[in-house]
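Colleague: Quick one: the structure is below, and I'll ask about it shortly.
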Amino acid sequence: MAMGPLSDVDLLLKGYRRTTSDGFFYICPLSNPNYSPKQNLVLPEPFPERGHFAASSCNGLLLLDDFDGDCLLWNPSRGEHKLLPPTSLEKRPAGAESFFSCSGLGFDAKSEDYKVVRFLQNDFKDDYGYSYAEEEMPVADEEDRVRNQVELYSLESDSWKPITHPPLPDPFYDSSAYIDGVHYWVADGNSDQMFVLSFDYADEKFSSFPLPEGYVSAEHDAHLLEFGGSLAAVVYPVNENDTPFHIWVWNGESWTKKIDIEPVPGVELLLGFSKNGEEMFLEGSDDQLLLYDRASKELKDTGVRNGQPAIMQLIHYTKSSVSPHW
């Protein structure tokens, strides 16, 4: 498979080309002081034709998920990929619109196994097009009163299995982070309450905790990322042209505000930080990738344009010899 060279540690930028309606990955070398994207990775089949897909990374493996049932593990530094088996979730509540909504890739250090967690959301809508809360679902059988079904894939066994769990909030695929064997998502609960939903790949259990104090879902958005090896939440107001960003870090028990970033004109979203934390990668109002130096306050345009708003994603990629075929 044709591909460009990858360094030991790189940034991968996922975006969408409007002209050809396909997804792309650019390599942003950390060895380059300007992080200028230098190479477009060729996606393995069938994903070149999939304009919209989710991606996550762990130890040199990338997970690509098209939300339509196809999941693929890919190690671009080895040029190897593997399409995962079909879903294990066969039961669908009658009358529900069911779709794969979210997924994640992680490493179970106890069993030394790579695992994929995937959500199937069952959505019931009323006559006005609004979704029912789980406890209000119009089902004849109480066993069908399940909004989110979850399954787990093991690379070692090459198989999926369903996971039993208590009622879960709805996770957002585009706001997640993976840190030390645990995956985190911003999730939408009942009564418009927003949470952080976490999944431990070793224990195979979910938990949740609130977003930082002062976060109001009707007034703010939140984006999860890694900051200095810890989980961080970027909180910012919605519907503002020049957006301030507030960086909160989770210590396992509580949030601490670390950084307040004043509005940067023409910027809509904070995608991530450089390795030393001094530069920020931003998505501009014209769907371009920008680099901002926090000390000098200099804003640079990297030259990369995204073809569709709000789906640009920055992924820290570590080169490895891990094979998706195990």
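So you can find residues: chains in the structure tokens are A, B, ... in the order shown, residues in each start at 1, and ligands are numbered from 1 in order.
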Could you name the residues that touch Ser154 (chain A) at 7 Å or less, counting only C-alpha atoms, but leaving out those on the same chain fewer than 3 positions away, as a list in words?
Modeller: Asp113, Tyr114, Lys115, Val116, Ser157, Asp158, Ser159 and Trp160 of chain A
Colleague: Identify, on the basis of only C-alpha atoms, every residue whose closest approach to Thr164 (chain A) does not exceed 10 Å; exclude the query and any residue fewer than 6 positions from it along the same chain; express the result as a list in words.
Modeller: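 With the cut-off at 10 Å, the set is Gln149, Val150, Glu151, Glu204 and Lys205 of chain A.
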Colleague: Quick check, in Å to one decimal: how far apart do CA of Gly60 (chain A) and CA of Gly272 (chain A) lie?
Modeller: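 Taking CA of Gly60 (chain A) as the start and CA of Gly272 (chain A) as the end point, the length is 18.6 Å.
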Colleague: Would you mind listing what lies within 9 Å of Ser57 (chain A) as a list of chain:residue names, with only C-alpha atoms counted and same-chain residues fewer than 3 positions away left out?
Modeller: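 Here the qualifying residues turn out to be A:Gly60, A:Leu61, A:Leu62, A:Leu63, A:Gly104, A:Leu105, A:Gly106, A:Tyr178, A:Ile315, A:His316, A:Tyr317, A:Thr318.
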Colleague: Residues of the last selection are to be written out with N, CA and C atoms, as a short mmCIF file (atom, residue, chain, number, x, y, z; two decimals), in the first residue's frame.
Modeller:
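This went into part15.cif:
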```
data_model
loop_
_atom_site.label_atom_id
_atom_site.label_comp_id
_atom_site.auth_asym_id
_atom_site.auth_seq_id
_atom_site.Cartn_x
_atom_site.Cartn_y
_atom_site.Cartn_z
N GLY A 60 0.28 2.91 17.93
CA GLY A 60 0.60 2.69 16.52
C GLY A 60 -0.52 2.11 15.70
N LEU A 61 -1.60 1.69 16.33
CA LEU A 61 -2.77 1.21 15.60
C LEU A 61 -3.80 2.33 15.49
N LEU A 62 -4.44 2.40 14.33
CA LEU A 62 -5.54 3.33 14.12
C LEU A 62 -6.82 2.52 13.93
N LEU A 63 -7.91 3.00 14.53
CA LEU A 63 -9.23 2.43 14.31
C LEU A 63 -10.01 3.38 13.43
N GLY A 104 -14.24 3.24 20.10
CA GLY A 104 -12.94 3.60 20.65
C GLY A 104 -11.99 2.41 20.63
N LEU A 105 -10.70 2.69 20.58
CA LEU A 105 -9.65 1.67 20.57
C LEU A 105 -8.76 1.87 21.78
N GLY A 106 -8.42 0.76 22.46
CA GLY A 106 -7.54 0.86 23.62
C GLY A 106 -6.79 -0.43 23.89
N TYR A 178 -8.18 9.11 24.69
CA TYR A 178 -7.72 7.83 25.23
C TYR A 178 -6.44 8.07 26.02
N ILE A 315 -4.70 13.72 15.82
CA ILE A 315 -4.42 12.45 16.50
C ILE A 315 -2.92 12.34 16.72
N HIS A 316 -2.51 12.09 17.95
CA HIS A 316 -1.10 11.81 18.24
C HIS A 316 -0.83 10.35 17.86
N TYR A 317 0.10 10.15 16.94
CA TYR A 317 0.39 8.82 16.44
C TYR A 317 1.80 8.41 16.83
N THR A 318 1.95 7.23 17.42
CA THR A 318 3.25 6.68 17.80
C THR A 318 3.56 5.48 16.91
#
```
Colleague: Using only C-alpha atoms, which residues sit within 7 Å of region 283-292 of chain A once same-chain residues fewer than 5 positions away are excluded, as a short mmCIF file (atom, residue, chain, number, x, y, z; two decimals) with all heavy atoms, in the first residue's frame?
Modeller:
```cif
data_model
loop_
_atom_site.label_atom_id
_atom_site.label_comp_id
_atom_site.auth_asym_id
_atom_site.auth_seq_id
_atom_site.Cartn_x
_atom_site.Cartn_y
_atom_site.Cartn_z
N GLY A 266 -10.85 34.76 14.39
CA GLY A 266 -10.91 33.83 13.28
C GLY A 266 -10.76 32.38 13.66
O GLY A 266 -10.56 31.53 12.80
N VAL A 267 -10.85 32.06 14.98
CA VAL A 267 -10.66 30.69 15.45
C VAL A 267 -11.96 30.15 16.02
O VAL A 267 -12.69 30.85 16.75
CB VAL A 267 -9.55 30.63 16.53
CG1 VAL A 267 -9.56 29.29 17.25
CG2 VAL A 267 -8.21 30.88 15.88
N GLU A 268 -12.28 28.89 15.70
CA GLU A 268 -13.52 28.28 16.17
C GLU A 268 -13.31 27.13 17.14
O GLU A 268 -14.15 26.89 18.00
CB GLU A 268 -14.35 27.79 14.98
CG GLU A 268 -14.89 28.92 14.12
CD GLU A 268 -15.97 28.47 13.18
OE1 GLU A 268 -16.18 27.24 13.07
OE2 GLU A 268 -16.59 29.33 12.54
N LEU A 269 -12.20 26.38 17.01
CA LEU A 269 -12.05 25.18 17.83
C LEU A 269 -10.59 24.93 18.14
O LEU A 269 -9.72 25.07 17.28
CB LEU A 269 -12.63 23.96 17.08
CG LEU A 269 -12.64 22.62 17.82
CD1 LEU A 269 -13.52 22.71 19.06
CD2 LEU A 269 -13.14 21.50 16.91
N LEU A 270 -10.32 24.57 19.39
CA LEU A 270 -8.99 24.13 19.82
C LEU A 270 -8.90 22.62 19.62
O LEU A 270 -9.64 21.86 20.24
CB LEU A 270 -8.76 24.51 21.28
CG LEU A 270 -7.52 23.96 21.97
CD1 LEU A 270 -6.25 24.38 21.23
CD2 LEU A 270 -7.46 24.43 23.42
N LEU A 271 -8.00 22.18 18.73
CA LEU A 271 -7.88 20.76 18.40
C LEU A 271 -6.89 20.02 19.29
O LEU A 271 -7.05 18.83 19.54
CB LEU A 271 -7.44 20.61 16.94
CG LEU A 271 -8.39 21.17 15.88
CD1 LEU A 271 -7.73 21.11 14.50
CD2 LEU A 271 -9.70 20.40 15.87
N LYS A 297 2.04 34.87 20.70
CA LYS A 297 0.68 35.13 20.19
C LYS A 297 0.67 35.21 18.66
O LYS A 297 -0.21 35.85 18.05
CB LYS A 297 0.10 36.41 20.79
CG LYS A 297 0.00 36.38 22.31
CD LYS A 297 -0.76 37.56 22.85
CE LYS A 297 -0.78 37.56 24.38
NZ LYS A 297 -1.35 36.33 24.95
N GLU A 298 1.63 34.54 18.02
CA GLU A 298 1.68 34.51 16.56
C GLU A 298 0.78 33.39 16.04
O GLU A 298 0.79 32.27 16.55
CB GLU A 298 3.11 34.28 16.09
CG GLU A 298 3.25 34.27 14.58
CD GLU A 298 4.68 34.01 14.13
OE1 GLU A 298 5.54 33.75 15.01
OE2 GLU A 298 4.95 34.07 12.92
N LEU A 299 0.00 33.70 15.02
CA LEU A 299 -0.93 32.76 14.41
C LEU A 299 -0.47 32.44 13.00
O LEU A 299 -0.30 33.35 12.18
CB LEU A 299 -2.35 33.34 14.39
CG LEU A 299 -3.48 32.42 13.97
CD1 LEU A 299 -3.68 31.29 14.98
CD2 LEU A 299 -4.78 33.21 13.81
N LYS A 300 -0.25 31.14 12.71
CA LYS A 300 0.23 30.73 11.39
C LYS A 300 -0.80 29.84 10.71
O LYS A 300 -1.45 29.02 11.35
CB LYS A 300 1.55 29.96 11.51
CG LYS A 300 2.71 30.76 12.07
CD LYS A 300 3.97 29.89 12.17
CE LYS A 300 5.13 30.66 12.77
NZ LYS A 300 6.34 29.80 12.91
N ASP A 301 -0.92 30.02 9.42
CA ASP A 301 -1.78 29.17 8.60
C ASP A 301 -0.92 28.05 8.02
O ASP A 301 0.06 28.31 7.33
CB ASP A 301 -2.40 29.99 7.48
CG ASP A 301 -3.50 29.23 6.74
OD1 ASP A 301 -3.45 27.98 6.71
OD2 ASP A 301 -4.40 29.87 6.19
N THR A 302 -1.26 26.78 8.31
CA THR A 302 -0.46 25.65 7.83
C THR A 302 -0.70 25.35 6.35
O THR A 302 0.04 24.57 5.75
CB THR A 302 -0.77 24.37 8.62
OG1 THR A 302 -2.13 23.98 8.37
CG2 THR A 302 -0.56 24.60 10.11
N VAL A 304 -3.42 23.84 5.21
CA VAL A 304 -4.37 22.73 5.07
C VAL A 304 -5.79 23.26 5.23
O VAL A 304 -6.09 23.99 6.17
CB VAL A 304 -4.09 21.63 6.11
CG1 VAL A 304 -5.19 20.58 6.08
CG2 VAL A 304 -2.75 20.99 5.83
N ARG A 305 -6.66 22.89 4.29
CA ARG A 305 -8.06 23.27 4.35
C ARG A 305 -8.91 22.03 4.52
O ARG A 305 -8.68 21.01 3.88
CB ARG A 305 -8.49 24.00 3.08
CG ARG A 305 -7.86 25.36 2.87
CD ARG A 305 -8.32 26.33 3.93
NE ARG A 305 -7.82 27.68 3.72
CZ ARG A 305 -6.65 28.12 4.13
NH1 ARG A 305 -5.82 27.30 4.76
NH2 ARG A 305 -6.28 29.37 3.93
N ASN A 306 -9.89 22.14 5.39
CA ASN A 306 -10.85 21.06 5.60
C ASN A 306 -12.08 21.34 4.76
O ASN A 306 -12.53 22.47 4.65
CB ASN A 306 -11.22 20.98 7.08
CG ASN A 306 -11.94 19.70 7.43
OD1 ASN A 306 -11.74 18.68 6.79
ND2 ASN A 306 -12.79 19.74 8.43
N PRO A 309 -17.07 21.69 7.86
CA PRO A 309 -16.84 22.21 9.21
C PRO A 309 -16.98 21.15 10.28
O PRO A 309 -17.73 20.18 10.14
CB PRO A 309 -17.95 23.27 9.36
CG PRO A 309 -18.38 23.60 7.97
CD PRO A 309 -18.18 22.34 7.18
#
```
Colleague: What is the distance, in Å and to one decimal place, between CA of Val234 (chain A) and CA of Ile247 (chain A)?
Modeller: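 Those two atoms sit 4.8 Å apart.
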Colleague: Work out how far apart CA of Val235 (chain A) and CA of Asp221 (chain A) are and give it in Å to one decimal.
Modeller: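 Between these atoms lies a distance of 5.9 Å.
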Colleague: Can you list every residue in region 51-279 of chain A that DSSP puts in strand (DSSP E), as a PyMOL selection string?
Modeller: chain A and resi 54-58+61-65+71-75+80-83+97-108+113-123+148-154+159-163+170-179+182-188+194-200+205-210+220-227+230-237+245-250+255-261+267-273+279
Colleague: Using only C-alpha atoms, which protein or nucleic acid residues come within 10 Å of region 79-87 of chain A? Drop anything in the same chain fewer than 3 positions from it, and give the result as a compact mmCIF listing (two decimals) with all heavy atoms, in the first residue's frame.
Modeller:
```txt
# COMPACT_ATOMS: atom_id res chain seq x y z
N MET A 1 0.85 -1.19 0.00
CA MET A 1 0.00 0.00 0.00
C MET A 1 0.88 1.24 0.00
O MET A 1 1.81 1.36 0.79
CB MET A 1 -0.89 0.01 1.24
CG MET A 1 -1.80 1.22 1.33
SD MET A 1 -2.80 1.18 2.83
CE MET A 1 -1.53 1.27 4.08
N ALA A 2 0.58 2.18 -0.88
CA ALA A 2 1.39 3.39 -0.96
C ALA A 2 1.17 4.26 0.26
O ALA A 2 0.05 4.47 0.71
CB ALA A 2 1.02 4.16 -2.23
N MET A 3 2.26 4.77 0.80
CA MET A 3 2.15 5.65 1.95
C MET A 3 3.45 6.40 2.12
O MET A 3 4.48 6.03 1.56
CB MET A 3 1.86 4.86 3.22
CG MET A 3 2.88 3.79 3.54
SD MET A 3 2.75 3.18 5.21
CE MET A 3 3.42 4.56 6.11
N VAL A 42 -2.43 7.35 2.30
CA VAL A 42 -3.45 6.69 1.49
C VAL A 42 -4.24 5.74 2.38
O VAL A 42 -3.68 4.82 2.98
CB VAL A 42 -2.80 5.91 0.32
CG1 VAL A 42 -3.87 5.19 -0.49
CG2 VAL A 42 -2.01 6.87 -0.57
N LEU A 43 -5.53 5.97 2.48
CA LEU A 43 -6.38 5.15 3.34
C LEU A 43 -6.59 3.77 2.72
O LEU A 43 -6.73 3.63 1.51
CB LEU A 43 -7.74 5.82 3.53
CG LEU A 43 -7.75 7.15 4.27
CD1 LEU A 43 -9.14 7.74 4.25
CD2 LEU A 43 -7.28 6.97 5.70
N PRO A 44 -6.63 2.73 3.55
CA PRO A 44 -6.90 1.39 3.04
C PRO A 44 -8.37 1.24 2.64
O PRO A 44 -9.24 1.96 3.11
CB PRO A 44 -6.56 0.48 4.22
CG PRO A 44 -6.74 1.34 5.43
CD PRO A 44 -6.37 2.72 5.01
N GLU A 45 -8.61 0.29 1.73
CA GLU A 45 -9.99 0.02 1.32
C GLU A 45 -10.78 -0.55 2.50
O GLU A 45 -10.23 -1.28 3.32
CB GLU A 45 -9.99 -0.99 0.16
CG GLU A 45 -9.33 -0.49 -1.11
CD GLU A 45 -10.13 0.61 -1.78
OE1 GLU A 45 -11.33 0.77 -1.45
OE2 GLU A 45 -9.54 1.31 -2.62
N PRO A 46 -12.09 -0.22 2.61
CA PRO A 46 -12.91 0.57 1.68
C PRO A 46 -13.03 2.02 2.07
O PRO A 46 -13.94 2.71 1.61
CB PRO A 46 -14.27 -0.13 1.83
CG PRO A 46 -14.33 -0.49 3.29
CD PRO A 46 -12.91 -0.85 3.68
N LEU A 61 -1.60 1.69 16.33
CA LEU A 61 -2.77 1.21 15.60
C LEU A 61 -3.80 2.33 15.49
O LEU A 61 -4.00 3.10 16.43
CB LEU A 61 -3.43 0.02 16.33
CG LEU A 61 -2.71 -1.33 16.27
CD1 LEU A 61 -3.51 -2.36 17.07
CD2 LEU A 61 -2.52 -1.80 14.83
N LEU A 62 -4.44 2.40 14.33
CA LEU A 62 -5.54 3.33 14.12
C LEU A 62 -6.82 2.52 13.93
O LEU A 62 -6.83 1.49 13.25
CB LEU A 62 -5.30 4.19 12.88
CG LEU A 62 -4.21 5.26 12.97
CD1 LEU A 62 -3.96 5.86 11.60
CD2 LEU A 62 -4.60 6.35 13.95
N LEU A 63 -7.91 3.00 14.53
CA LEU A 63 -9.23 2.43 14.31
C LEU A 63 -10.01 3.38 13.43
O LEU A 63 -10.15 4.56 13.75
CB LEU A 63 -9.96 2.23 15.64
CG LEU A 63 -11.45 1.86 15.53
CD1 LEU A 63 -11.61 0.44 14.98
CD2 LEU A 63 -12.15 2.01 16.87
N LEU A 64 -10.53 2.88 12.31
CA LEU A 64 -11.41 3.65 11.44
C LEU A 64 -12.80 3.03 11.52
O LEU A 64 -12.95 1.81 11.40
CB LEU A 64 -10.91 3.63 9.99
CG LEU A 64 -9.45 4.03 9.75
CD1 LEU A 64 -9.16 4.05 8.25
CD2 LEU A 64 -9.13 5.37 10.38
N GLY A 69 -21.23 -0.02 10.19
CA GLY A 69 -20.94 -1.41 10.48
C GLY A 69 -19.52 -1.84 10.16
O GLY A 69 -19.07 -2.89 10.63
N ASP A 70 -18.79 -1.04 9.36
CA ASP A 70 -17.41 -1.39 9.02
C ASP A 70 -16.44 -0.72 9.99
O ASP A 70 -16.43 0.50 10.16
CB ASP A 70 -17.07 -0.94 7.60
CG ASP A 70 -17.59 -1.90 6.56
OD1 ASP A 70 -17.93 -3.04 6.92
OD2 ASP A 70 -17.68 -1.52 5.38
N CYS A 71 -15.62 -1.55 10.65
CA CYS A 71 -14.52 -1.08 11.51
C CYS A 71 -13.23 -1.69 10.98
O CYS A 71 -13.19 -2.88 10.64
CB CYS A 71 -14.73 -1.51 12.96
SG CYS A 71 -15.71 -0.40 13.95
N LEU A 72 -12.18 -0.90 10.96
CA LEU A 72 -10.92 -1.36 10.40
C LEU A 72 -9.78 -0.96 11.31
O LEU A 72 -9.71 0.18 11.78
CB LEU A 72 -10.74 -0.75 9.00
CG LEU A 72 -9.50 -1.13 8.20
CD1 LEU A 72 -9.87 -1.29 6.72
CD2 LEU A 72 -8.42 -0.07 8.32
N LEU A 73 -8.87 -1.90 11.60
CA LEU A 73 -7.64 -1.62 12.32
C LEU A 73 -6.51 -1.46 11.30
O LEU A 73 -6.37 -2.27 10.38
CB LEU A 73 -7.30 -2.74 13.30
CG LEU A 73 -8.14 -2.82 14.58
CD1 LEU A 73 -7.70 -4.02 15.42
CD2 LEU A 73 -8.03 -1.54 15.39
N TRP A 74 -5.67 -0.44 11.51
CA TRP A 74 -4.67 -0.08 10.50
C TRP A 74 -3.40 0.38 11.20
O TRP A 74 -3.45 1.22 12.10
CB TRP A 74 -5.24 1.02 9.62
CG TRP A 74 -4.35 1.60 8.57
CD1 TRP A 74 -3.37 0.97 7.87
CD2 TRP A 74 -4.38 2.94 8.09
NE1 TRP A 74 -2.79 1.82 6.97
CE2 TRP A 74 -3.39 3.04 7.09
CE3 TRP A 74 -5.16 4.06 8.42
CZ2 TRP A 74 -3.16 4.24 6.40
CZ3 TRP A 74 -4.93 5.25 7.73
CH2 TRP A 74 -3.93 5.32 6.73
N ASN A 75 -2.27 -0.20 10.82
CA ASN A 75 -0.98 0.31 11.25
C ASN A 75 -0.30 0.88 10.01
O ASN A 75 0.30 0.14 9.22
CB ASN A 75 -0.11 -0.79 11.87
CG ASN A 75 1.18 -0.23 12.45
OD1 ASN A 75 1.69 0.79 11.99
ND2 ASN A 75 1.73 -0.89 13.45
N PRO A 76 -0.38 2.20 9.79
CA PRO A 76 0.19 2.77 8.57
C PRO A 76 1.71 2.66 8.48
O PRO A 76 2.26 2.63 7.38
CB PRO A 76 -0.26 4.24 8.63
CG PRO A 76 -0.59 4.50 10.06
CD PRO A 76 -1.06 3.20 10.62
N GLU A 90 -27.38 -8.45 17.50
CA GLU A 90 -28.43 -8.85 16.57
C GLU A 90 -29.81 -8.36 17.00
O GLU A 90 -30.71 -8.21 16.18
CB GLU A 90 -28.46 -10.38 16.44
CG GLU A 90 -27.14 -10.95 15.89
CD GLU A 90 -27.18 -12.46 15.82
OE1 GLU A 90 -28.18 -13.06 16.29
OE2 GLU A 90 -26.20 -13.04 15.29
N VAL A 116 -11.61 -3.02 21.00
CA VAL A 116 -12.43 -1.97 20.40
C VAL A 116 -13.80 -2.00 21.08
O VAL A 116 -14.43 -3.06 21.16
CB VAL A 116 -12.60 -2.17 18.88
CG1 VAL A 116 -13.58 -1.14 18.30
CG2 VAL A 116 -11.26 -2.09 18.17
N ARG A 118 -17.69 -0.44 20.93
CA ARG A 118 -18.56 0.19 19.94
C ARG A 118 -19.99 0.28 20.46
O ARG A 118 -20.50 -0.66 21.07
CB ARG A 118 -18.51 -0.59 18.62
CG ARG A 118 -19.35 0.02 17.51
CD ARG A 118 -18.97 -0.51 16.15
NE ARG A 118 -19.23 -1.93 15.99
CZ ARG A 118 -19.21 -2.56 14.81
NH1 ARG A 118 -18.93 -1.90 13.71
NH2 ARG A 118 -19.45 -3.85 14.74
N LEU A 120 -24.08 0.89 19.74
CA LEU A 120 -25.23 0.88 18.82
C LEU A 120 -26.35 1.62 19.51
O LEU A 120 -26.82 1.21 20.58
CB LEU A 120 -25.66 -0.54 18.48
CG LEU A 120 -26.85 -0.63 17.52
CD1 LEU A 120 -26.42 -0.31 16.10
CD2 LEU A 120 -27.48 -2.02 17.57
N GLU A 151 -20.81 -3.35 22.41
CA GLU A 151 -20.07 -4.58 22.16
C GLU A 151 -18.58 -4.29 22.22
O GLU A 151 -18.14 -3.15 22.07
CB GLU A 151 -20.44 -5.20 20.81
CG GLU A 151 -20.12 -4.33 19.62
CD GLU A 151 -20.56 -4.97 18.30
OE1 GLU A 151 -20.80 -6.19 18.29
OE2 GLU A 151 -20.64 -4.26 17.29
N LEU A 152 -17.81 -5.35 22.49
CA LEU A 152 -16.36 -5.22 22.66
C LEU A 152 -15.66 -6.24 21.77
O LEU A 152 -15.98 -7.43 21.79
CB LEU A 152 -15.98 -5.45 24.12
CG LEU A 152 -14.53 -5.14 24.50
CD1 LEU A 152 -14.26 -3.64 24.44
CD2 LEU A 152 -14.22 -5.66 25.90
N TYR A 153 -14.69 -5.76 21.00
CA TYR A 153 -13.88 -6.62 20.13
C TYR A 153 -12.52 -6.86 20.78
O TYR A 153 -11.90 -5.94 21.33
CB TYR A 153 -13.68 -5.95 18.77
CG TYR A 153 -12.67 -6.65 17.88
CD1 TYR A 153 -13.02 -7.77 17.13
CD2 TYR A 153 -11.36 -6.19 17.81
CE1 TYR A 153 -12.09 -8.40 16.32
CE2 TYR A 153 -10.42 -6.81 17.01
CZ TYR A 153 -10.79 -7.93 16.26
OH TYR A 153 -9.87 -8.56 15.47
N SER A 154 -12.06 -8.11 20.71
CA SER A 154 -10.73 -8.49 21.18
C SER A 154 -9.87 -8.85 19.98
O SER A 154 -10.26 -9.70 19.17
CB SER A 154 -10.83 -9.68 22.14
OG SER A 154 -9.58 -10.33 22.27
N LEU A 155 -8.70 -8.22 19.86
CA LEU A 155 -7.80 -8.56 18.75
C LEU A 155 -7.26 -9.97 18.93
O LEU A 155 -7.05 -10.70 17.96
CB LEU A 155 -6.65 -7.54 18.69
CG LEU A 155 -5.65 -7.72 17.55
CD1 LEU A 155 -6.33 -7.67 16.19
CD2 LEU A 155 -4.56 -6.64 17.63
N ASP A 158 -10.13 -12.20 17.99
CA ASP A 158 -10.72 -11.76 16.72
C ASP A 158 -12.24 -11.93 16.73
O ASP A 158 -12.83 -12.49 15.80
CB ASP A 158 -10.11 -12.53 15.54
CG ASP A 158 -10.52 -11.95 14.18
OD1 ASP A 158 -10.78 -10.73 14.13
OD2 ASP A 158 -10.60 -12.71 13.20
N SER A 159 -12.89 -11.45 17.78
CA SER A 159 -14.34 -11.61 17.89
C SER A 159 -14.92 -10.49 18.74
O SER A 159 -14.24 -9.88 19.56
CB SER A 159 -14.68 -12.97 18.50
OG SER A 159 -14.18 -13.08 19.82
N TRP A 160 -16.23 -10.25 18.53
CA TRP A 160 -16.99 -9.29 19.33
C TRP A 160 -17.78 -10.04 20.40
O TRP A 160 -18.12 -11.20 20.22
CB TRP A 160 -17.99 -8.54 18.46
CG TRP A 160 -17.43 -7.66 17.39
CD1 TRP A 160 -17.22 -7.99 16.09
CD2 TRP A 160 -17.07 -6.28 17.52
NE1 TRP A 160 -16.73 -6.91 15.39
CE2 TRP A 160 -16.63 -5.85 16.25
CE3 TRP A 160 -17.06 -5.38 18.59
CZ2 TRP A 160 -16.20 -4.54 16.02
CZ3 TRP A 160 -16.63 -4.08 18.36
CH2 TRP A 160 -16.21 -3.67 17.09
N LYS A 161 -18.10 -9.34 21.45
CA LYS A 161 -19.03 -9.87 22.45
C LYS A 161 -19.86 -8.71 22.98
O LYS A 161 -19.36 -7.58 23.12
CB LYS A 161 -18.30 -10.55 23.60
CG LYS A 161 -17.49 -9.61 24.48
CD LYS A 161 -16.87 -10.35 25.67
CE LYS A 161 -16.11 -9.39 26.59
NZ LYS A 161 -15.49 -10.08 27.74
N PRO A 162 -21.15 -8.93 23.28
CA PRO A 162 -21.97 -7.87 23.88
C PRO A 162 -21.52 -7.59 25.31
O PRO A 162 -21.02 -8.48 26.00
CB PRO A 162 -23.38 -8.44 23.85
CG PRO A 162 -23.33 -9.61 22.92
CD PRO A 162 -21.93 -10.14 22.98
N VAL A 322 3.23 -3.09 16.10
CA VAL A 322 2.03 -3.86 16.41
C VAL A 322 1.27 -4.17 15.13
O VAL A 322 0.98 -3.27 14.33
CB VAL A 322 1.12 -3.10 17.39
CG1 VAL A 322 -0.16 -3.91 17.65
CG2 VAL A 322 1.85 -2.84 18.70
N SER A 323 0.94 -5.42 14.92
CA SER A 323 0.24 -5.82 13.71
C SER A 323 -1.26 -5.91 13.99
O SER A 323 -1.66 -6.46 15.02
CB SER A 323 0.75 -7.18 13.21
OG SER A 323 -0.08 -7.66 12.15
N PRO A 324 -2.11 -5.42 13.10
CA PRO A 324 -3.56 -5.59 13.28
C PRO A 324 -4.00 -7.04 13.11
O PRO A 324 -5.15 -7.37 13.42
CB PRO A 324 -4.14 -4.70 12.18
CG PRO A 324 -3.07 -4.59 11.16
CD PRO A 324 -1.78 -4.63 11.91
N HIS A 325 -3.09 -7.89 12.65
CA HIS A 325 -3.39 -9.33 12.52
C HIS A 325 -2.91 -10.12 13.75
O HIS A 325 -3.10 -11.33 13.81
CB HIS A 325 -2.73 -9.89 11.26
CG HIS A 325 -3.17 -9.21 10.00
ND1 HIS A 325 -4.42 -9.40 9.45
CD2 HIS A 325 -2.54 -8.31 9.21
CE1 HIS A 325 -4.54 -8.66 8.37
NE2 HIS A 325 -3.41 -7.99 8.18
```
Colleague: If you count only C-alpha atoms, which residues fall within 8 Å of region 252-258 of chain A, apart from same-chain ones fewer than 5 positions away, as an NGL selection string?
Modeller: :A and (212-213 or 246-247)
Colleague: For Ala233 (chain A), which of A:Ser175, A:Ala187, A:Phe281, A:Trp326 is the closest residue, counting only C-alpha atoms?
Modeller: A:Ser175
Colleague: Contacts of region 169-173 of chain A at 10 Å or less, counting only C-alpha atoms, minus same-chain residues fewer than 5 places along, as a VMD selection string?
Modeller: chain A and resid 53 to 56 67 101 to 104 119 121 134 147 to 148 184 to 190 193 to 198 208 223
Colleague: Which is closer to His183 (chain A) than all the others in A:Phe209, A:Val216, A:Asn251, A:Phe107, using only C-alpha atoms?
Modeller: A:Phe107
